[in-house]
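Worksheet: the structure to be examined is printed underneath.
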Amino acid sequence: EFWIELKVIKYNRVLLSPHQIAWHLMRTRYGGITYILAREPGRSSLVLFSGSQAKLLKDKKISEIEPMATIKTKRPFTLIKEYFILLNS
């Protein structure tokens, strides 16, 4: 089981509420697998972060954080499905 939170990148940041940050950190602390998948409007690439990076996403700009993956494709959801199946198998 894993969770993916979908977010929009605005002003080079992913906006997460304190509740969302706490949820990701608590889930990962107790062995849960969470991800934050973000995209900037008008761009085809997606950026994937571990849920354990939620606090970093609040405190820093996207360009200052190393993502787990950057997915550059015109049909991202087919690729994303395959990526998560491999990542979690």
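Just so we're on the same page: first chain in the structure tokens is A, next is B, and so on; residues restart at 1 for each chain, and ligands are numbered from 1 in the order they show up.
Within chain A, DSSP run on the backbone puts these residues in strand (DSSP E or B): Trp3, Ile4, Glu5, Leu6, Lys7, Val8, Ile9, Lys10, Arg13, Val14, Thr34, Tyr35, Ile36, Leu37, Ala38, Arg39, Leu46, Val47, Leu48, Phe49, Ser50, Ala69, Thr70 and Ile71 of chain A.
Among the residues of segment 41-85 of chain A, backbone DSSP assigns alpha helix (DSSP H) to A:Ala54, A:Lys55, A:Leu56, A:Leu57, A:Lys58, A:Asp59, A:Pro76, A:Phe77, A:Thr78, A:Leu79, A:Ile80, A:Lys81, A:Glu82, A:Tyr83, A:Phe84, A:Ile85.
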Worksheet entry | Spatial neighbours of Ala54 of chain A, 8 Å, only C-alpha atoms, chain gap at least 6 places, as a list in words | Leu16, Ile21, His24, Leu25 and Ile36 of chain A
Keeping N, CA, C and O atoms for every residue in the selection just given, could you write it to a file as an mmCIF file, in the first residue's frame?
```
data_model
loop_
_atom_site.group_PDB
_atom_site.id
_atom_site.type_symbol
_atom_site.label_atom_id
_atom_site.label_comp_id
_atom_site.auth_asym_id
_atom_site.auth_seq_id
_atom_site.Cartn_x
_atom_site.Cartn_y
_atom_site.Cartn_z
ATOM 1 N N LEU A 16 2.107 23.027 1.014
ATOM 2 C CA LEU A 16 1.556 21.991 1.877
ATOM 3 C C LEU A 16 1.111 22.621 3.185
ATOM 4 O O LEU A 16 1.821 23.461 3.753
ATOM 5 N N ILE A 21 1.767 18.057 6.012
ATOM 6 C CA ILE A 21 3.152 17.744 6.376
ATOM 7 C C ILE A 21 3.178 16.711 7.504
ATOM 8 O O ILE A 21 3.879 15.700 7.424
ATOM 9 N N HIS A 24 2.196 13.173 6.251
ATOM 10 C CA HIS A 24 3.271 12.479 5.521
ATOM 11 C C HIS A 24 4.368 12.017 6.469
ATOM 12 O O HIS A 24 4.841 10.873 6.377
ATOM 13 N N LEU A 25 4.791 12.881 7.376
ATOM 14 C CA LEU A 25 5.874 12.519 8.294
ATOM 15 C C LEU A 25 5.469 11.398 9.243
ATOM 16 O O LEU A 25 6.257 10.485 9.512
ATOM 17 N N ILE A 36 4.804 12.629 -2.912
ATOM 18 C CA ILE A 36 4.208 13.885 -3.351
ATOM 19 C C ILE A 36 4.618 14.064 -4.803
ATOM 20 O O ILE A 36 5.804 14.125 -5.113
#
```
Fill in: Pick from A:Val47, A:Ile62, A:Ser52, A:Gly42 nearest to Met26 of chain A, counting only C-alpha atoms
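Of A:Val47, A:Ile62, A:Ser52, A:Gly42, the one nearest Met26 of chain A, counting only C-alpha atoms, is A:Ser52.
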Worksheet item: From the set A:Arg13, A:Trp23, A:Ile80, A:Ile71, which residue has the shortest atom-to-atom contact distance to Gly51 of chain A, counting only C-alpha atoms?
Response: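 When distances to Gly51 of chain A are compared using only C-alpha atoms, the smallest one comes from A:Trp23.
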